[in-house]
$ cat work_33.txt   # compact mmCIF, C-alpha atoms
# COMPACT_ATOMS: atom_id res chain seq x y z
CA MET U 30 155.69 3.75 30.68
CA THR U 31 157.67 0.82 29.36
CA GLY U 32 156.76 -2.69 28.28
CA PRO U 33 154.12 -3.97 25.90
CA ALA U 34 151.62 -1.19 26.70
CA ALA U 35 153.98 1.54 25.46
CA HIS U 36 155.69 2.47 22.25
CA LEU U 37 158.25 5.13 21.39
CA SER U 38 157.44 8.47 19.86
CA GLU U 39 159.85 11.21 18.87
CA THR U 40 159.85 12.48 22.47
CA GLY U 41 160.02 9.12 24.27
CA PRO U 42 157.66 6.37 25.41
CA VAL U 43 153.95 7.01 24.97
CA ALA U 44 151.28 4.91 26.65
CA ARG U 45 148.96 3.09 24.25
CA ARG U 46 145.38 2.84 25.31
CA PRO U 47 144.09 -0.73 25.34
CA TRP U 48 141.39 -1.65 22.87
CA PRO U 49 137.87 -1.66 24.29
CA ALA U 50 136.68 -5.03 25.55
CA TRP U 51 133.91 -5.17 22.94
CA THR U 52 136.53 -5.60 20.19
CA GLN U 53 137.40 -8.98 21.70
CA TRP U 54 133.75 -10.00 21.50
CA ILE U 55 133.60 -8.99 17.82
CA GLY U 56 136.77 -10.99 17.27
CA THR U 57 135.28 -13.97 19.06
CA ALA U 58 132.18 -13.85 16.85
CA ALA U 59 134.38 -13.50 13.74
CA ARG U 60 136.62 -16.38 14.83
CA LEU U 61 133.74 -18.73 15.60
CA GLY U 62 131.81 -17.68 12.48
CA LEU U 63 134.80 -18.39 10.28
CA ALA U 64 135.34 -21.70 12.10
CA VAL U 65 131.76 -22.73 11.25
CA VAL U 66 132.26 -21.77 7.60
CA TRP U 67 135.49 -23.76 7.25
CA GLY U 68 134.03 -26.70 9.18
CA TRP U 69 130.91 -26.77 7.04
CA ALA U 70 132.91 -26.52 3.81
CA GLY U 71 135.42 -29.19 4.85
CA LEU U 72 132.83 -31.67 6.12
CA ALA U 73 130.72 -31.22 2.97
CA LYS U 74 133.69 -32.19 0.79
CA ILE U 75 135.57 -34.76 2.82
CA ALA U 76 133.06 -37.57 2.29
CA ASP U 77 133.53 -37.48 -1.50
CA PRO U 78 137.06 -36.45 -2.46
CA ALA U 79 136.47 -37.33 -6.12
CA GLU U 80 133.61 -34.84 -6.23
CA ALA U 81 135.85 -32.22 -4.58
CA ALA U 82 138.49 -32.86 -7.25
CA GLN U 83 135.82 -32.53 -9.96
CA ALA U 84 134.85 -29.13 -8.51
CA VAL U 85 138.50 -28.04 -8.72
CA ARG U 86 138.75 -29.37 -12.30
CA ALA U 87 135.65 -27.41 -13.37
CA TYR U 88 137.47 -24.10 -12.87
CA GLU U 89 139.91 -25.04 -15.66
CA ILE U 90 142.75 -23.22 -13.89
CA LEU U 91 145.07 -25.89 -12.50
CA PRO U 92 146.95 -28.44 -14.57
CA GLU U 93 145.39 -31.90 -14.37
CA SER U 94 148.36 -33.16 -12.32
CA LEU U 95 147.33 -30.80 -9.47
CA VAL U 96 143.55 -31.26 -9.60
CA LYS U 97 143.38 -34.40 -7.43
CA PRO U 98 145.99 -33.30 -4.85
CA VAL U 99 144.25 -29.94 -4.41
CA GLY U 100 140.75 -31.42 -4.43
CA TYR U 101 141.67 -34.13 -1.94
CA ALA U 102 143.71 -31.86 0.37
CA LEU U 103 141.37 -28.87 0.46
CA PRO U 104 138.77 -30.40 2.83
CA PHE U 105 141.52 -31.33 5.30
CA LEU U 106 142.96 -27.80 5.18
CA GLU U 107 139.50 -26.33 5.73
CA LEU U 108 138.88 -28.63 8.69
CA ALA U 109 142.28 -27.79 10.19
CA LEU U 110 141.51 -24.07 9.88
CA ALA U 111 138.10 -24.66 11.48
CA LEU U 112 139.60 -26.53 14.42
CA LEU U 113 142.34 -23.95 15.03
CA LEU U 114 139.84 -21.10 14.88
CA LEU U 115 137.39 -22.95 17.11
CA ILE U 116 139.96 -23.34 19.88
CA GLY U 117 141.61 -20.00 19.12
CA LEU U 118 145.15 -21.17 18.50
CA GLY U 119 147.36 -19.10 16.19
CA VAL U 120 144.42 -16.87 15.34
CA ARG U 121 146.35 -14.22 13.36
CA LEU U 122 148.24 -16.85 11.33
CA VAL U 123 145.12 -18.93 10.70
CA ALA U 124 143.21 -15.80 9.70
CA GLY U 125 146.02 -14.94 7.28
CA VAL U 126 145.88 -18.40 5.70
CA SER U 127 142.08 -18.06 5.57
CA ALA U 128 142.36 -14.70 3.84
CA LEU U 129 144.76 -16.09 1.23
CA LEU U 130 142.49 -19.06 0.59
CA LEU U 131 139.44 -16.83 0.31
CA LEU U 132 141.25 -14.50 -2.10
CA GLY U 133 142.08 -17.57 -4.19
CA PHE U 134 138.44 -18.66 -4.15
CA ILE U 135 137.25 -15.17 -5.12
CA ALA U 136 139.80 -15.03 -7.94
CA GLY U 137 138.78 -18.50 -9.15
CA ILE U 138 135.08 -17.65 -9.18
CA ALA U 139 135.74 -14.31 -10.91
CA SER U 140 137.94 -16.08 -13.46
CA ALA U 141 135.26 -18.66 -14.26
CA TRP U 142 132.68 -15.88 -14.57
CA ALA U 143 134.90 -13.76 -16.83
CA ARG U 144 135.69 -16.73 -19.08
CA GLY U 145 132.01 -17.69 -19.41
CA ILE U 146 132.41 -21.07 -17.70
CA SER U 147 129.13 -22.20 -16.11
CA ILE U 148 129.95 -23.96 -12.84
CA ASP U 149 128.76 -24.35 -9.30
CA CYS U 150 131.60 -23.15 -7.08
CA GLY U 151 131.73 -26.37 -5.06
CA CYS U 152 132.43 -24.32 -1.95
CA PHE U 153 130.18 -26.41 0.26
CA GLY U 154 130.23 -29.69 -1.64
CA GLY U 155 129.07 -30.50 -5.11
CA GLY U 156 130.58 -28.36 -7.80
CA GLY U 157 131.16 -28.86 -11.46
CA THR U 158 129.47 -27.81 -14.64
CA VAL U 159 125.92 -26.43 -14.44
CA ASP U 160 123.54 -24.66 -16.79
CA ALA U 161 124.37 -20.96 -17.22
CA SER U 162 121.06 -20.05 -15.54
CA GLN U 163 122.20 -21.81 -12.36
CA THR U 164 125.41 -19.85 -11.79
CA GLU U 165 125.55 -17.52 -8.78
CA TYR U 166 128.92 -15.87 -9.22
CA LEU U 167 128.07 -12.48 -7.76
CA GLN U 168 126.48 -14.00 -4.64
CA GLU U 169 129.45 -16.34 -4.18
CA ILE U 170 131.96 -13.49 -4.54
CA LEU U 171 130.00 -11.30 -2.11
CA ARG U 172 129.69 -14.17 0.38
CA ASP U 173 133.42 -14.91 0.23
CA THR U 174 134.19 -11.20 0.52
CA GLY U 175 132.16 -11.17 3.74
CA PHE U 176 134.22 -14.11 5.03
CA LEU U 177 137.36 -12.25 3.94
CA LEU U 178 136.29 -9.30 6.10
CA LEU U 179 136.00 -11.64 9.09
CA ALA U 180 139.51 -12.93 8.42
CA GLY U 181 140.75 -9.36 8.02
CA TRP U 182 139.32 -8.40 11.41
CA LEU U 183 141.16 -11.34 12.98
CA ILE U 184 144.42 -10.40 11.30
CA TRP U 185 144.04 -6.87 12.66
CA ARG U 186 142.66 -7.83 16.11
CA PRO U 187 143.51 -11.48 16.82
CA ARG U 188 142.89 -11.30 20.57
CA THR U 189 139.53 -12.93 21.29
CA LYS U 190 137.63 -14.32 24.24
CA PHE U 191 137.78 -18.02 25.11
CA SER U 192 140.88 -18.73 23.03
CA VAL U 193 143.98 -20.81 23.60
CA ASP U 194 146.00 -17.78 22.46
CA GLY U 195 144.50 -15.73 25.30
CA TRP U 196 145.12 -18.49 27.79
CA LEU U 197 148.76 -18.83 26.68
CA ALA U 198 149.30 -15.03 26.89
CA ALA U 199 147.98 -14.83 30.45
$ encode --input "work_33.txt" --output "structure tokens"
Amino acid sequence: MTGPAAHLSETGPVARRPWPAWTQWIGTAARLGLAVVWGWAGLAKIADPAEAAQAVRAYEILPESLVKPVGYALPFLELALALLLLIGLGVRLVAGVSALLLLGFIAGIASAWARGISIDCGCFGGGGTVDASQTEYLQEILRDTGFLLLAGWLIWRPRTKFSVDGWLAA
């Protein structure tokens, strides 16, 4: 067998079995779930870019010269990721960007926690300094890890139902 359904072994071409159809349904659920998350996060921040910048500032990681550009751009990036995932265009690439962004968020939350900074993550709007009793670092890290698993699935298995990628490949 030759072509995309085969690969070479030491003795010649070997047929690869296609993935079961249910994996595309899992991918579709992961893609749409991640699209909802990015859409929700982006829409929550886009109405008040100054508040989004304040949430970025609260982490005390970036130099002040980058706080506003990152805070103002982040909602647009999140909405772009949401739209691309919703329509299923460039799923593996978008999932990779999502994974990198989520790893950055997890690292930022863990850093704030380790340094004893009491903040609301600002992931879905708001953000900034809060009383130490109001922090939810573990829950935020676990939540973002769950989203990271969705992105990981899409990196591994980007073919999903009802996607522009699938339509273009046909």
$ closest_residue --input "work_33.txt" --among "U:Trp48, U:Trp67, U:Tyr88, U:Thr189" --to "Ala143 of chain U" --atoms "only C-alpha atoms"
U:Tyr88
$ closest_residue --input "work_33.txt" --among "U:Val120, U:Leu177, U:Leu103, U:Val159" --to "Ala79 of chain U" --atoms "all atoms listed in the file"
U:Leu103
$ residues_around --input "work_33.txt" --residues "Gly125 of chain U" --least-positions-apart "3" --cutoff "9 Å" --atoms "all atoms listed in the file" --output "PDB file with C-alpha atoms, in the frame of the given file"
ATOM      1  CA  VAL U 120     144.420 -16.870  15.340  1.00  0.00           C
ATOM      2  CA  ARG U 121     146.350 -14.220  13.360  1.00  0.00           C
ATOM      3  CA  LEU U 122     148.240 -16.850  11.330  1.00  0.00           C
ATOM      4  CA  ALA U 128     142.360 -14.700   3.840  1.00  0.00           C
ATOM      5  CA  LEU U 129     144.760 -16.090   1.230  1.00  0.00           C
ATOM      6  CA  LEU U 130     142.490 -19.060   0.590  1.00  0.00           C
ATOM      7  CA  ALA U 180     139.510 -12.930   8.420  1.00  0.00           C
ATOM      8  CA  GLY U 181     140.750  -9.360   8.020  1.00  0.00           C
ATOM      9  CA  LEU U 183     141.160 -11.340  12.980  1.00  0.00           C
ATOM     10  CA  ILE U 184     144.420 -10.400  11.300  1.00  0.00           C
TER      11      ILE U 184
END
$ residues_around --input "work_33.txt" --residues "Gly62 of chain U" --least-positions-apart "4" --cutoff "9 Å" --atoms "all atoms listed in the file" --output "ChimeraX atom specification"
/U:57-58,66-67,115,176,179
$ closest_residue --input "work_33.txt" --among "U:Leu113, U:Ile148, U:Leu132, U:Ala198" --to "Gln83 of chain U" --atoms "only C-alpha atoms"
U:Ile148
$ atom_distance --input "work_33.txt" --atom1 "atom CA of Trp54 of chain U" --atom2 "atom CA of Gly68 of chain U"
20.8 Å
$ closest_residue --input "work_33.txt" --among "U:Ile55, U:Val65, U:Ile138, U:Ala111" --to "Gly151 of chain U" --atoms "all atoms listed in the file"
U:Ile138
$ atom_distance --input "work_33.txt" --atom1 "atom CA of Leu72 of chain U" --atom2 "atom CA of Pro104 of chain U"
6.9 Å
$ atom_distance --input "work_33.txt" --atom1 "atom CA of Ala199 of chain U" --atom2 "atom CA of Gly119 of chain U"
14.9 Å
$ residues_near_point --input "work_33.txt" --point "(148.3, -18.2, 22.0)" --cutoff "9 Å" --atoms "all atoms listed in the file" --output "ChimeraX atom specification"
/U:117-120,188,192-198
$ closest_residue --input "work_33.txt" --among "U:Arg86, U:Lys74, U:Arg144, U:Arg186" --to "Tyr166 of chain U" --atoms "all atoms listed in the file"
U:Arg144
$ closest_residue --input "work_33.txt" --among "U:Gly56, U:Gly71, U:Pro92, U:Gly156" --to "Trp182 of chain U" --atoms "only C-alpha atoms"
U:Gly56
